Structure formats: structure tokens, C-alpha cells
Amino acid sequence: MNPMVDKLASLWPEIMLLIGAVACLTTGLWPTRAIRNLTPFVAGGFLTAALLMTPSWGVPESHPLGFASLVGFLKAGALSISVVLLLILARAPLRLAQVQRAEAADPFEPGDAMSGEFFAFFLLSVCGVLLAIGATDLVWLFLALELTSLPTYVMVAVGRDRMRAQESAVKYFFLGAMSAAVFLYGFALVYGATGATDYASIRAWVEGLDGAALPPVFLAGLAISTLGLCFKIAAVPMHFYAADVYQGASVPVTSMLAFVPKAAGFAAMIQVMALAGWDYGADGNQLPPVLATMLAVIAVLTMTVGNVLGLLQKSVKRTLAYSSVAHSGYILVGVLAGPGTGGEGYLSNGLAAVAFYLIAYGLGTIASFSVIGCLRNPNGDEAENLDDLSGLRDRHPFLAGTLLVACLSLLGFPFTVGLVGKLWLVSAGFHAGYALVIVIMVINSAVSAAYYVRIGSTCFFGDDLGTTEARYAPVRVVGAVFAAAASVALGLQPGWVTEAASKAGRVSSTESTIPAEPASQAETPTTPDTVAQAEPQTADPADPDEPDPAPADG
Amino acid sequence: MPETTFSTDHNWLPLVMLVIPVVWAAGLLLPFEFLKTKKWTFLYSAITSTISLGFAAYLAFLFPWGTPETVAFYKNDLDWIDGFGLHFTYGIDSVSLWLVLLTAFLMPGVVVASLIEVDHDMRQFHFWLHILEAALIGTFIARDIVLFYVCFEFTLVPLYFLIGVFGHEQRWKAARTYFLYAFTGSMLTFAGVLYVGWYGSQNPALVDGAIGKWTFNIDELYAVGRAMPVADQCWVMAAMLAGFGVKTPLFPVHTWLPLAHTEAPTAGSVDLAGLVLKIGPYGLLRLAIPMLPAAAVIFAPWVAAAAVVGIVYAAIICRVQKDAKKLIAYSSVSHMGFCALGLFALDPGAIGATGAVVYMIAHGLATGGLFLCIGMLYDRFHTRELTRLSGLARIMPLWSCFFVLFAMASVGLPGLNGFVGEFLTLVGGFQSTVFHQGLAIIAATGVVFAAVYLLHIVRKLVFGPTDIPPDHPGYSDAHEHGLSPEHDHDLSIREFITLGPLAAACIIIGLAPFPMIRSIEPTVRDMLAPAMAIVEQNQAQDAAPETPETPETPDADPAVPPAQLVGEPEARESASARSPLPDLPRPEVALPEPPAGPLALGHEGGER
């Protein structure tokens, strides 16, 4: 079989999303209004189709980093959350004055309508996430990340009638472009050090070092790429945009920003780290010391900065934005811990924890943002301040309950999925020997309780100031309630998802099983095996990888 | 230490105990119109909580009283998240049983007592009460450390709502303070617990599993914790004290309590003081001391010092309170100090810890009764100011009887329940070899202080010229009449039903405490055995002059079955050479200590 055809065969979900994007563009400009209104359903249909295709066709049979099953799980997870996101986005374009005018005009004015573009961009962005998850080459990864981000810049700008949205978009775009430059620079250094951009060759090169120290250029490349990727996941030092952009964008778009680029960012981060491998440290289960230190510092700073700034905010949107920054810090602990040293129990597996926590975080954050999205000030603007939530229980007990459950899940409270996720991250961190990071993470969780509880208390115990009213948005309410209910359901009985995530986190290829004791004699017998096993994998995907990014890009 | 025995007879019962309050709570959410009326919600809740009490009584009936240290009704094959090693493991020994009984016993009274005070959202109120009962029972029956943690933590949510929705003026602040305090502490506990789990997964010999296989079964983790290096034990102990110390509450972290108690509705205060405070010492007894014996010995003087400071400090604060409820709240801080003191006395006969458990039950009954009494005053007059109420004996004689009875029980009058626990914890403290007797002497002054402030409140409220503010309209609307026609303000039948059983229990336990003590003692002794073995070892070392330094082996050879460490004397001695325990504790313990001066560990013990 032609390897290129093999690879294409694993891209069916992405292909479905591309077709869906084109279909959305078409239906969005259809002269008949009834068909135009079908656009969200078209998007939903293709998303669901992609989701259904993932288990059978979306999983590559082998992966140069051994992430074959992780790719499948992350793709399915990202698509599932995207379906919920679509519920929340469904009516977002119709809220815009410009779109309403265009729709109402008697001969339909296609120039002003943008439902089609909006949903097409959404599908393209999700497609970018899937491609980033499935990447096997740095160039492909770069293009996939850009495909994820570019549509979101536009969605931020057009998703709201306010100048602030455009300001946000401009900020987001320039910082995004800069971060792209940064991680591209990092990729270039990796290429300079190894002479290859595909993961298989890079891994073969790293293993060929035979335990000798990694050259500084390579490490610098990985470190700089990591810094660039911090933008995607809104981690320190690239977190500055988060609060402004999240606040400026319309709430549905914000909830998308809080999940979609992060999923891609973490997938990319895991791949970049896996290039070096978790074979170092005293027990042979840590990243190379430089990267480990850097990642630990980033994680600690991210969660601390996120939580402390979250505490200081008056605006609920900004608070939740900083909470999402803090959560990036927590998830980074999983990346730092890596796949663990195997064994029976899967609590030691940090990558599985990341995969699981992304879902937990996605559900909680989407539910909380979308409740905010259901509320309006009398002047038609979105609810934003804590006062707007005051006494929500009296008027909208369902929304208040949903928000409370979402906050408790983000907090990691018992009987929510957040606790299971945190339990997993914490134990993986212990396993990898980062007890101090764990203690800081736990203290941070306690700090975060202050603002989550403040949101909950305001909803439930505050006096009704009557400043907001719920805009009737049934689909969005369904999305929010579904996400909150899923948080509780997965908190009570997470068995099958944890099972799947743990399978996903298991690294299937050989390199993680190398007992990595640099320059020890014990290594001599293992090395030939490893190289021998790594070689055939290396040979196959290396060549066809060059033409691959092209279809991914198109 | 004898091997723990497990009995699996009737092991569906605790699960029923755990599930039925949730079912009752869910029942309240059914869309029946009649459940929205105050009367029906009240009746529903009263009946259902009594049924729960019936189940608890049946549980007590089936319990193997002959061997109370047996973990009865044990079940460990219910999967929760199997791959995590999380199982829905539960079992009941005598300590658990008494606390479950206390929980089930207080609940109907609390429900019945809150008829007048709660004037809105009756359904929500009773919903949270039932959920709280379930969470408490879950905490007491859990034999899986994560199940324990989950239930322990989940008590926060019902109380958060009970205080926040149904409390008094500053309820919002009180609810938040309480939540943040408790959540912060227990997150640290959570990290400590996971650390023990991880240590077990690294040393499979301790838990007979494979490498990397996690377990959270408490009985298996005992072995893991005991095998941990002393430094690790100390860290985990500090983490556990963070969570359990806040709940108990121990001296420096008690400040949430007066606010939460004062602002909570009566039902919330009774549950908080009677039940929720108990999960702190219970956690220390169930997890911290048996799992981390070496750290318990090192921490004992410090915890005891904090407890004694709390006893005296809170007692002094009590004396100057103007608000009756705040006074009783602070008295809880003072009284729970005795519990902590007894738990960490680690005296040879485990008298202190036995007393602590007895005292937990006694305090739940007596303080619960006091809060109920104050709640009844508040129903009538909407004030709790000591300056505005006096001479109630004339118009409310029956109420005054109960109030004086509960106050005396709280003071520790012989013949009432408070005395038994207080006496035993103090005896334990005096016999303790891990801290100076001076601490116990200072703690004993707490008893005197308790008499001072409780007699003060009795004098103010019950005696003197009658002076009362006008009735609160809410009470007048309720049309409740006193039992005797000439004292219309006195207890109604409903109120008598709430207080009567509590008073009876106080007297019965006070007069005949021995069945209870006998059932608690073997269990407590089992749990404390490893820590007491270490204390004895230290003494033996101190007695032997200038033993050559034993080489440190901080990573206690995981192959040593920990049972050996604490087993028969000869096994213990053979283990002592390898054990890391003898060397490390001493420098720590010998540090000068604020209230009691420098300690000379062991010598006093030797003299006795």
C-alpha cells in the first residue's frame, strides 16, 4: 500500500470537517432563508459524522512517538466537546445587528450575512485541532496549529457588535502571529540540530545519541517551541492576552477559545516533549532536566498567576478567563509527569491524565461560560460583572445550579469530574517525583475555591439586583445543562472514560520502555533492540511525510 | 497488634444507611404539590429521618458486640474506578458505629426542632439536611481513603447552603469563610492521602499488589504509611492535620467556627457542633495516627500544646461573650481541645483516646442540646443577648431544667456524659509519656473554666428577675402552647420530643458508661497500637544509657512486614534495630515548648 494513502485513510474525520466547512459556506449563502437556517445543523451533522468516524478510521495504526491510541482518544474527546460547543455557538451569528439586517433584507444580501463563514471557520478550527493531534511532523504540526488559530481571530472579531471585540481580535492576532514565529523558530532549531522535521527521524536521532547529553541547540529548540506553544494554552509567560481577549469576545466565542486552541496546544506540547522523551532523571521517568525545570516553573507560575489574578477580578468573564489560565497550569503538571513507567495502575500516567482532564476542563469551562452567555443586561449587552449574577437563583434556578455545578467541577469537588481529573494529575505528579509542584498545585486549588465560591455565593445568596435578564436561548441552555450534567455523571461513574484515557496514555512504541540510565553498561544489550525496532517505523513514514502537509493544509 | 478481622455478614446494611438519606432527599424533589407546604415537608422529613434512625438501630442490633474491634458489615468488592484502585469499600467497627448512631440519633431531633425557625424554602432545607446525613454516614463507614475524603469534603456543600440560605445576618460571610477554611485544609489532606497511595504503588510488597498498582483501601494503606520514612510521615501528618485540624478545630485554625455557628440556623449549629466537628478527630484517629505512628509520636506534644492553648484560650473568651450562641460555639473549641489532647496522649492503656471517642459522643449530645435550647429561645424572642434575657426559670421551667441539665453535662458533672470523656482524656493526658503532665494540669483548669462560663450563662438566663423581650411574631403565629397551662412560654410537645431523647441519652451514658467504654476501647487500642509501640521503644532507648548510634535507615526496608514493627514484643525488638524511628523523634521533642517548658521525654515515664 502506498503510505500516503494509508495516512489519508486515517484522516477521514478531518476530511469530513473540511467538506462540512465548504457545505456550511454554501448553505450560509443560499438564497432561501429556510436553507440558510439549516447551516448550524449542517455543521452539527458533519461534526457528528467526524466523531463517529474517529474510532474506526481516525486512528493511525502506528505513530512515531507511540501515541497511536492517544491520538484517537484526543480526537474523539475534542470532537465530543466541539459538539457541545456547537450547541452554544448555534445562534451566536444571528445575534449580530448586521446579520439580522442582512437576513431581513428582502432580496437577501449575501455580502453582510456571515452565518456560513462563522460555522465554516468553527469547523476549520476544529479540523486544525484534529490535525495537530494527529501530526507526525513538525511542519505539519505548525500548519495545523495555524489552521486552528486563524479562524478564531476572525471569529473573535465578527462575533460581537462591539468595538471591544475588534480590539480583542487585533490583540489576539498580533500576539498569535508572534507566538507562531516563536515556535516556528524553535522548530527550526530542532531541525538544525537533527536534520529532520518528522518525528520518527528526530526520535531515531535522539536514540542514536545513546544516552549522551542532548545538544544544547536541540534543547533550546524544544524550549523555545514550548514558549511559543504557551500562547495557545494561555500559560505564563504568554498569558497576557487571555483576559482581554476572552472579555472582548462574545461569550460563545470565548468558550470556544477556552477549549479549542488549548486542546491543540496541549497535543502539540505533548508531541514536542515526547521528542526529547521522558527517559531522564533519577528514575528514568522525567524529561531532560532543563525542560523539566522550565515546564515545572511554567506550570507553577501559570497556576499561581491565574488564580491570584482571578481572585482580583470584578468581571466574571475575566475571572473565568484567569481560571482557564490556572487550569492550563494544572494540565501542564500532567505533561511534565509524562507517561509514567508503565505498570498496572494507570494513575501514574500523566498523559492519560492530560487527556482526561482536557475533557473535564472543557465541560466545566464551557458550562460556566455559556451560563454567562445566557444572561443579558437590559441594554442588550452581555452580562459581565459579578453583580449581574446576584440573586440568579431566584430568577433562574436552573442556570444558577448549572453555574454552581460547573464551578464546583472546575474546583475539583467530590462527585464531579474535576476531582477525578485532579486526582489523576496529582498522583501522576507524585509518581514522576514532583511533590513540590503538587503541593503548590493543591494550594492553588484551595486559592481558586475563593473565586469559584464567590461566583456560587453571589448566584445563590446575593440579593436580586434585577440588572440582568435571561435571553431566551434554549439551545445554549441545553448545551450548558448538558455539560454540567456530564460533569456530574463523569464524576460519579468515570470508569469507561478513564479506562479509555488510560489506554490512550499508554505509549505503545518502544522508546518509553528503554531503561534510560545515561552511559551505563546495562544499556548495551537494550539499545540494538530498540534501534532495530525503531528503524522500520522510521523508514516508512519518513519519506511520505513531506507531501503530507499539503493535503492537511488544503 | 492482633490482625484486624473482617466480618461480611449483612454487609448490605451500611450501604442502605448511606443510600436512604439520599433517596429521602431525592423524594423531596418530586413534583408533588403537597411537598411544597411547610407542614407536609416537615412531616415527611421527620418520618424519613426516623426511619433512618431505625436502620441505625438495626445496625447496632446486628453488630458483634463481643468483638467490637471487628470491622463488621465489611464490603470491598464494589468497583468505583477500578483502574485507579478506587473501590467502594466500607465497614463498621465500634467507633464508626457509635458515630453513625450519633448521626442518626441527632437528625430527627434537628428536623423536628427547626419547624419555626425555617420560614422559607422548607424543601431545600430538608433536602440539605438529608444530604448532610448521608455525607456524614459515608465519612464514618468508609474504609477506602478516597471514599472517606469524598464524603468528608462533601459535608461542605450541605452546610454551605444551610448556613448561606437559612442563616442569620452575616450568613453569606460565614458560609464563605467556612467553605474556604475547610476546603483549603482538606485539599492538603487530599494531597497527603494521595502521597500515601503513591508510596504504596511504589512498594508493592506492602500491599501485595504489583508495582504501579494503586490502592486506597485504608486497611492496606496502614501498612504503607507505617513503612514510610519518618520525614515523609511527618509531611503527610502535617497535611492531615491541616484538614482534620480545621474541622476539629484546633487552636490556631478555629476562627471560622464561632462565625459559622453563630450565623447558622439552629439545625446547622447542632449538626455542625454535634456531628461535623467529629469528623476531624475521627479522621485523626482513623487515618493519621494508625497510618503515621512515628509522626504521631513526634507531633503529639505539639498537637497537645495546641489543644491545651485552645482549651484555655477559648474558655476565657467564652466568659466574656454576650451572645449565648457564640458562647456555646467557643465552648465547642474548648471542649474539642480535650478530644485532641486525649487522642495524642498515646498513654499506655489508650485511656486518653478512648476518652476522646466517648467525649466526641458526649459533646455531640450535650452541645447539640444546648444549641437546641438556645434555638428555642431565639424562636420565641429573636434575641440571644445574655443582657436581654433573664429569669426564664419562672416562665419556662421545663426549658430551664433541660438547659441546666445540658449545661451540667457540658461542664462535666459526674453522673452526666461529659464527665466520663473529660475524665478519661485527662487521665490519659496525665499518664502520657509523650508530653509533660503540665499540659494535662493546664487542661484540667479548662474544666474549671467551663464551670465558670457555663454557670455564668445559666445564672444570666435561668435565674434572676424575669426580663424578656416581646414574642417574635413568627412564634406567635405558630400557635404552639406550653405543656403546662400556666406556663404558656414553656416547651411545647414538639420541643419536648426534641430535647427529651437527648437528655435521656446524656443521663444514661453518664450513669452507665461502661458498655460504651468497653466497646470502644479495643478498637481504639488497635488503632493506636503502632504509635504506642514506638513510644515504648523510645522509652526503652532513653532508659538504656548512651546506646551507640543506630545507623539510620530512612527508607525502612519495605520488605519488613509492618505488623512486625508493632507486633509482639520480641518482634518489635528485632525490628527496632532496623527501624528508623528511635533516632529522629528525640531532637524534635526535646525542643522547648511554649506552654509547658522544656520536656524531658521519657524520664518521667520511667519514674512512674
# chains A, B, ... in the order shown; residues from 1 in each chain; ligands from 1
$ residues_around --residues "region 49-61 of chain A" --least-positions-apart "4" --cutoff "10 Å" --atoms "only C-alpha atoms" --output "ChimeraX atom specification"
/A:6-17,20,43-45,66-80,82-83,127,130,134
$ write_last_selection --atoms "C-alpha atoms" --output "PDB file, in the first residue's frame"
ATOM      1  CA  ASP A   6      -2.548   4.935   4.488  1.00  0.00           C
ATOM      2  CA  LYS A   7      -2.143   8.304   6.074  1.00  0.00           C
ATOM      3  CA  LEU A   8      -5.038   9.780   4.156  1.00  0.00           C
ATOM      4  CA  ALA A   9      -7.155   6.902   5.367  1.00  0.00           C
ATOM      5  CA  SER A  10      -6.588   7.985   8.930  1.00  0.00           C
ATOM      6  CA  LEU A  11      -7.721  11.499   8.135  1.00  0.00           C
ATOM      7  CA  TRP A  12     -11.374  10.804   7.472  1.00  0.00           C
ATOM      8  CA  PRO A  13     -12.652  12.925  10.364  1.00  0.00           C
ATOM      9  CA  GLU A  14     -10.606  15.870   9.159  1.00  0.00           C
ATOM     10  CA  ILE A  15     -11.822  15.364   5.604  1.00  0.00           C
ATOM     11  CA  MET A  16     -15.397  15.312   6.851  1.00  0.00           C
ATOM     12  CA  LEU A  17     -14.864  18.587   8.641  1.00  0.00           C
ATOM     13  CA  GLY A  20     -18.570  20.353   6.236  1.00  0.00           C
ATOM     14  CA  ALA A  43     -22.207  21.904  10.815  1.00  0.00           C
ATOM     15  CA  GLY A  44     -23.560  19.647  13.543  1.00  0.00           C
ATOM     16  CA  GLY A  45     -24.145  16.842  11.099  1.00  0.00           C
ATOM     17  CA  GLY A  66       3.870   5.706  20.170  1.00  0.00           C
ATOM     18  CA  PHE A  67       0.787   7.879  20.576  1.00  0.00           C
ATOM     19  CA  ALA A  68      -1.446   5.882  18.252  1.00  0.00           C
ATOM     20  CA  SER A  69      -4.164   5.415  20.829  1.00  0.00           C
ATOM     21  CA  LEU A  70      -3.697   8.828  22.411  1.00  0.00           C
ATOM     22  CA  VAL A  71      -4.387  10.375  19.025  1.00  0.00           C
ATOM     23  CA  GLY A  72      -7.660   8.514  18.785  1.00  0.00           C
ATOM     24  CA  PHE A  73      -8.788   9.445  22.276  1.00  0.00           C
ATOM     25  CA  LEU A  74      -7.870  13.096  21.956  1.00  0.00           C
ATOM     26  CA  LYS A  75      -9.589  13.350  18.585  1.00  0.00           C
ATOM     27  CA  ALA A  76     -12.764  11.779  19.922  1.00  0.00           C
ATOM     28  CA  GLY A  77     -12.622  13.960  23.034  1.00  0.00           C
ATOM     29  CA  ALA A  78     -12.053  17.158  21.092  1.00  0.00           C
ATOM     30  CA  LEU A  79     -14.881  16.321  18.721  1.00  0.00           C
ATOM     31  CA  SER A  80     -17.293  15.489  21.536  1.00  0.00           C
ATOM     32  CA  SER A  82     -16.919  20.550  19.954  1.00  0.00           C
ATOM     33  CA  VAL A  83     -20.417  19.153  19.542  1.00  0.00           C
ATOM     34  CA  CYS A 127     -10.181  20.392  11.909  1.00  0.00           C
ATOM     35  CA  LEU A 130      -7.575  17.156  14.887  1.00  0.00           C
ATOM     36  CA  GLY A 134      -2.524  13.554  14.587  1.00  0.00           C
TER      37      GLY A 134
END
$ residues_around --residues "Ser445 (chain A)" --least-positions-apart "5" --cutoff "9 Å" --atoms "only C-alpha atoms" --output "PDB file with N, CA and C atoms, in the first residue's frame"
ATOM      1  N   MET A 303      -0.337  28.493  37.198  1.00  0.00           N
ATOM      2  CA  MET A 303      -1.480  28.307  38.094  1.00  0.00           C
ATOM      3  C   MET A 303      -1.543  29.394  39.148  1.00  0.00           C
ATOM      4  N   ASN A 307      -4.647  32.040  39.332  1.00  0.00           N
ATOM      5  CA  ASN A 307      -5.542  32.059  40.485  1.00  0.00           C
ATOM      6  C   ASN A 307      -5.500  33.385  41.219  1.00  0.00           C
ATOM      7  N   LEU A 411     -13.418  23.447  40.355  1.00  0.00           N
ATOM      8  CA  LEU A 411     -12.727  23.477  41.638  1.00  0.00           C
ATOM      9  C   LEU A 411     -12.185  22.114  42.015  1.00  0.00           C
ATOM     10  N   GLY A 412     -12.771  21.065  41.446  1.00  0.00           N
ATOM     11  CA  GLY A 412     -12.321  19.720  41.791  1.00  0.00           C
ATOM     12  C   GLY A 412     -13.020  19.213  43.024  1.00  0.00           C
ATOM     13  N   ILE A 440       2.133  22.826  45.540  1.00  0.00           N
ATOM     14  CA  ILE A 440       1.750  24.163  45.073  1.00  0.00           C
ATOM     15  C   ILE A 440       0.427  24.089  44.313  1.00  0.00           C
TER      16      ILE A 440
ATOM     17  N   THR B 184      -9.551  24.514  51.972  1.00  0.00           N
ATOM     18  CA  THR B 184      -8.097  24.658  51.929  1.00  0.00           C
ATOM     19  C   THR B 184      -7.435  23.535  52.712  1.00  0.00           C
ATOM     20  N   MET B 187      -7.874  20.071  51.027  1.00  0.00           N
ATOM     21  CA  MET B 187      -7.092  19.840  49.806  1.00  0.00           C
ATOM     22  C   MET B 187      -5.700  19.331  50.182  1.00  0.00           C
TER      23      MET B 187
END
$ residues_around --residues "Cys373 (chain B)" --least-positions-apart "6" --cutoff "8 Å" --atoms "only C-alpha atoms" --output "MDAnalysis selection string"
chainID B and resid 399 402:403
$ write_last_selection --atoms "C-alpha atoms" --output "PDB file, in the first residue's frame"
ATOM      1  CA  TRP B 399     -36.888  24.535  79.360  1.00  0.00           C
ATOM      2  CA  PHE B 402     -33.219  20.863  80.200  1.00  0.00           C
ATOM      3  CA  PHE B 403     -30.904  23.806  79.781  1.00  0.00           C
TER       4      PHE B 403
END
$ interface_residues --of "chain B" --to "chain A" --cutoff "10 Å" --atoms "only C-alpha atoms" --output "PyMOL selection string"
chain B and resi 79-85+146-147+149-154+156-157+160-161+164-166+171-173+175-177+179-192+194-199+201-202+209-215+239
$ residues_around --residues "Ala292 (chain A)" --least-positions-apart "6" --cutoff "12 Å" --atoms "only C-alpha atoms" --output "list in words"
Leu219, Leu222, Ala223, Thr226, Met273, Ala276, Gly277, Trp278, Asp279, Tyr280, Gly281, Asn285, Gln286, Ile298, Ala299, Leu332, Val333, Gly334, Val335, Leu336, Ala337, Gly338, Ala432, Gly433, Tyr434 and Val437 of chain A
$ closest_residue --among "A:Leu94, A:Ile81, A:Ala321, A:Ala484" --to "Leu358 (chain A)" --atoms "only C-alpha atoms"
A:Ile81
$ select_by_dssp --residues "region 357-394 of chain A" --states "helix (DSSP H, G or I)" --output "JSON, numbers by chain"
{"A": [357, 358, 359, 360, 361, 362, 363, 364, 365, 366, 367, 368, 369, 370, 371, 372, 373, 386, 387, 388, 389, 392, 393, 394]}
$ select_by_dssp --residues "region 1-143 of chain B" --states "strand (DSSP E or B)" --output "list in words"
Phe6, Val71, Ala72, Phe73, Tyr74, Lys75, Asp79, Trp80, Ile81, Leu86, His87, Tyr90, Gly91, Ile92 and Ala142 of chain B
$ atom_distance --atom1 "CA of Leu38 (chain A)" --atom2 "CA of Val260 (chain A)"
23.5 Å
$ residues_around --residues "Leu106 (chain B)" --least-positions-apart "4" --cutoff "10 Å" --atoms "only C-alpha atoms" --output "list in words"
Ser49, Thr50, Leu53, Leu101, Leu102, Val110, Val111, Glu133, Ala267, Val270, Asp271, Gly274, Leu275, Gly364, Leu365, Gly368, Gly369, Thr498, Pro501 and Leu502 of chain B
$ atom_distance --atom1 "CA of Tyr191 (chain A)" --atom2 "CA of Pro216 (chain A)"
12.9 Å
$ residues_around --residues "Val272 (chain A)" --least-positions-apart "6" --cutoff "10 Å" --atoms "only C-alpha atoms" --output "list of chain:residue names"
A:Leu138, A:Leu141, A:Phe187, A:Val190, A:Tyr199, A:Gly221, A:Leu222, A:Ala223, A:Ser225, A:Thr226, A:Leu229, A:Phe266
$ write_last_selection --atoms "C-alpha atoms" --output "PDB file, in the first residue's frame"
ATOM      1  CA  LEU A 138       6.868  19.471  12.864  1.00  0.00           C
ATOM      2  CA  LEU A 141       2.141  20.461  13.376  1.00  0.00           C
ATOM      3  CA  PHE A 187      11.085  24.042  15.277  1.00  0.00           C
ATOM      4  CA  VAL A 190      15.212  21.351  16.221  1.00  0.00           C
ATOM      5  CA  TYR A 199       9.102  12.774  14.497  1.00  0.00           C
ATOM      6  CA  GLY A 221      14.719  24.396  20.072  1.00  0.00           C
ATOM      7  CA  LEU A 222      12.344  22.430  22.265  1.00  0.00           C
ATOM      8  CA  ALA A 223      12.353  25.122  24.957  1.00  0.00           C
ATOM      9  CA  SER A 225       8.837  25.824  20.877  1.00  0.00           C
ATOM     10  CA  THR A 226       7.354  25.291  24.312  1.00  0.00           C
ATOM     11  CA  LEU A 229       3.021  26.920  22.479  1.00  0.00           C
ATOM     12  CA  PHE A 266      -1.590  20.594  24.653  1.00  0.00           C
TER      13      PHE A 266
END
$ residues_around --residues "Lys326 (chain B)" --least-positions-apart "4" --cutoff "7 Å" --atoms "only C-alpha atoms" --output "list in words"
Pro258, Thr262, Gln321 and Tyr330 of chain B
